[in-house]
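Peer 1: Please find one structure pasted underneath; my questions will follow.
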Amino acid sequence: MIKIRELNKWFGDLHVLKDVDLDVAEKEVVVVIGASGSGKSTLLRCINFLEFAQKGQIFIDGKETDSRSKKLHLVRMEVGMVFQHFNLFPHRTVMGNVIEGLTQVKKLPREQALGQGRELLEKVGLSDKADVYPAMLSGGQKQRVAIARALAMKPKIMLFDEPTSALDPELVGEVLQVMKNLALEGMTMMVVSHEMGFAREVGDRVIYMDEGRIIEEGLPEELYKNPQHERTKSFLARLL
Amino acid sequence: MLDLPWDFTAIARYFPGFYAAALLTLQITFFGILVGLVLGLVTGLMRLSTFKILNLPAKGYIWVIRGTPLLLQLMIIYYGLIDLVNIDRMPAAIIGLGVHNGAYIAEIFRGAIQSIERGQREAALSLGMTPTQAMIRVVLPQAFKRSVPALGNQFIIALKDSSLASAIAVRELLLRARQMGSSTLMMLEMLMIVGIYYLMMTTVLTLLVGRVEKRLQVSDYRD
Ligand SMILES: Nc1ncnc2c1ncn2[C@@H]1O[C@H](COP(=O)(O)OP(=O)(O)OP(=O)(O)O)[C@@H](O)[C@H]1O
Ligand SMILES: [Mg+2]
């Protein structure tokens, strides 16, 4: 589904991604962990071209995308993204947020978009909040709306950048539950998250990033219990 | 009784006689602001562009307009360009005020657009919107709302600045006061009349802007 080859990204002089190679299969759930500043967000953002890598190749569903392409919006349509800080559109209602992509990008008639919107809100358990503005929601509810908004585009893969780290602890569970359901339905997912429970339950693979490189990967159970690399060990020790 | 050199009852007597002039003041202001809004939006967006061909002219326009007096700008348009084009005094006043305000409004819009969190645009792009769609659907609506207080302020300045059109012979409030002052020999009284007119108009404008701000807060959504 995703194939990344020798991806390199610099911010000025800062070398943020170093020869990253990664394959994500269809229906696979890949969890990305690593210290702050190791390049996790940048990697995800390169995959849907919110950042442009200077070197390397990115294939999505077999097609290579050139970051200079004028059709980047078509690629982004297939790659859903959920942000740490939700980034809901504050001037639109919950339903307005969910159908925005359907009416504006897919140009669906409003009635049809509303129908799909209702289904999506039901899926994330927020049917009763359709007409409310995002400011009235809790963090967990906001993130579930953001997930529904991304899902509306029927993406081939969903990217999650620390979807629960801005949430109060008691709200983390409801968001993870939605993500778990999604994984069980067979969505291809890449998730930056340090939630081990989630990784153990639905993760197929955990990737450890360190200073812009993927230095270790493996099954969640194995990587958490028995990390090979020194740096992975000390990172996990600090996490626990 | 105190014997003042002024006759303040004249204020009441002559007050209605300024009605037509007040209308002209309102017209210059209204159309000037309209021109200013259009120019301001276009220039503000150009100013934010990464393309130099768009960015540099916008910068130059703002630099020149903000760096020179409105009075001079009006005179250049009305008297200075006379060999080139003959613009009537009213259109000249409206164009002058509009071009002048456009520069300030451009900066207001630019600031408001830049104040919208980067994540808003990114969320829009990640849904598959083009950069233009993201600007129109997501960034601008929020930026407009955020610029209302500053715009209101600018409109009030524009209303008062319209008095400079008196220098290019537009018979708006201030020129009318000076003419009436000379003919009646009651300069202070006439100036006070236009003072009252300006105060009434700026007060109404302030209240209107406040109403709009309140209205926008109903769907308040800030988080
Ligand atoms: N727009 C930017 N301009 C310059 N430097 C940046 C930019 N974005 C990120 N960086 C730098 O790139 C490096 C990697 O950042 P990135 O956000 O990918 O890390 P991360 O692994 O997601 O960290 P965190 O866990 O804190 O989110 C950091 O050193 C960061 O300061
Ligand atoms: Mg990050």
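Just remember, in the structure tokens the first chain shown is A, the second B, etc., residues are 1-based per chain, and ligands are 1-based in the order shown.
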Could you list, as a ChimeraX atom specification, all residues that come within 10 Å of ligand 1? Count only C-alpha atoms and all ligand atoms.

Peer 2: /A:9-17,32-46,51,84,161-162,165,192-194,209-212

Peer 1: With chain B as the partner and 6 Å as the cut-off, tabulate the residues of chain A that qualify, each row holding the nearest pair of atoms and their distance in Å to one decimal, using only C-alpha atoms, sorted by chain and rising number, as a tab-separated table.

Peer 2:
```
residue	atom	partner	partner_atom	distance
A:His73	CA	B:Gly128	CA	4.5
A:Leu74	CA	B:Gly128	CA	6.0
A:Arg76	CA	B:Gly128	CA	5.0
A:Met77	CA	B:Gly128	CA	4.2
A:Asn87	CA	B:Gln120	CA	5.6
A:Pro90	CA	B:Tyr221	CA	5.3
A:Gly101	CA	B:Leu127	CA	5.7
A:Val105	CA	B:Met129	CA	5.9
A:Tyr133	CA	B:Tyr221	CA	5.9
A:Ala135	CA	B:Tyr221	CA	4.7
```

Peer 1: Go ahead and dump the residues you just picked, C-alpha atoms, as a compact mmCIF listing (two decimals), in the first residue's frame.

Peer 2:
```
# COMPACT_ATOMS: atom_id res chain seq x y z
CA HIS A 73 -4.60 17.04 -3.79
CA LEU A 74 -5.63 13.85 -5.55
CA ARG A 76 -3.98 13.49 -0.36
CA MET A 77 -7.57 12.43 -0.98
CA ASN A 87 -7.61 20.80 13.59
CA PRO A 90 -14.23 25.86 14.07
CA GLY A 101 -14.60 16.95 1.93
CA VAL A 105 -13.73 17.72 -2.95
CA TYR A 133 -19.88 23.53 16.90
CA ALA A 135 -15.89 24.37 20.57
```

Peer 1: Between A:Asp19, A:Leu176, A:Val191, A:Arg92, which is the closest to ligand 2 once you count only C-alpha atoms and all ligand atoms?

Peer 2: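 Under the stated criterion, the closest residue is A:Val191.
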
Peer 1: Find the distance between CA of Phe49 (chain A) and CA of Leu159 (chain A) and write it in Å to one decimal.

Peer 2: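 These two atoms are separated by 12.1 Å.
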
Peer 1: Using DSSP on the backbone coordinates, identify the residues of region 46-236 of chain A assigned to strand (DSSP E or B); present them as a PyMOL selection string.

Peer 2: chain A and resi 55-60+63-64+79-82+157-161+188-192+205-210+213-218

Peer 1: Just asking: which residues within region 27-180 of chain A are alpha helix (DSSP H) according to DSSP, as a VMD selection string?

Peer 2: chain A and resid 40 to 47 72 to 78 94 to 104 110 to 123 139 to 151 169 to 180

Peer 1: Hey, which of A:His85, A:Val145, A:Ile157, A:Pro169 ends up closest to ligand 2? Count only C-alpha atoms and all ligand atoms.

Peer 2: A:His85

Peer 1: At a cut-off of 9 Å, using only C-alpha atoms, what residues contact Glu107 (chain B)? Leave out same-chain residues fewer than 2 positions from it and give the result as a PyMOL selection string.

Peer 2: chain B and resi 40+43-44+47+62+102-105+109-112

Peer 1: Can you pull out every residue within 8 Å of Thr25 (chain B), counting only C-alpha atoms, but drop anything in the same chain fewer than 5 positions away, and send it as a ChimeraX atom specification?

Peer 2: /B:159,162-163,172-173

Peer 1: Can I get the selection written as a compact mmCIF listing (two decimals), in the first residue's frame, with C-alpha atoms?

Peer 2:
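Saved result, again39.txt, follows:
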```
# COMPACT_ATOMS: atom_id res chain seq x y z
CA LEU B 159 -15.08 58.26 7.73
CA SER B 162 -13.18 61.72 4.12
CA SER B 163 -13.03 65.29 5.40
CA GLU B 172 -18.78 67.36 2.04
CA LEU B 173 -19.22 68.36 5.67
```

Peer 1: Any idea what the distance is between CA of Asp7 (chain B) and CA of Asp161 (chain B)?

Peer 2: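 These two atoms are separated by 28.3 Å.
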
Peer 1: Excluding Leu208 (chain B) and any residue of its chain fewer than 2 positions from it, enumerate the residues within 12 Å of it, using only C-alpha atoms, and give them as a PyMOL selection string.

Peer 2: chain B and resi 148-149+151-153+155-156+201-206+210-215

Peer 1: Pick out the closest residue to Phe89 (chain A) from this set: B:Ile77, B:Leu140, B:Ala10, B:Ile87. Count only C-alpha atoms.

Peer 2: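 Ranked by minimum distance to Phe89 (chain A), first place goes to B:Leu140.
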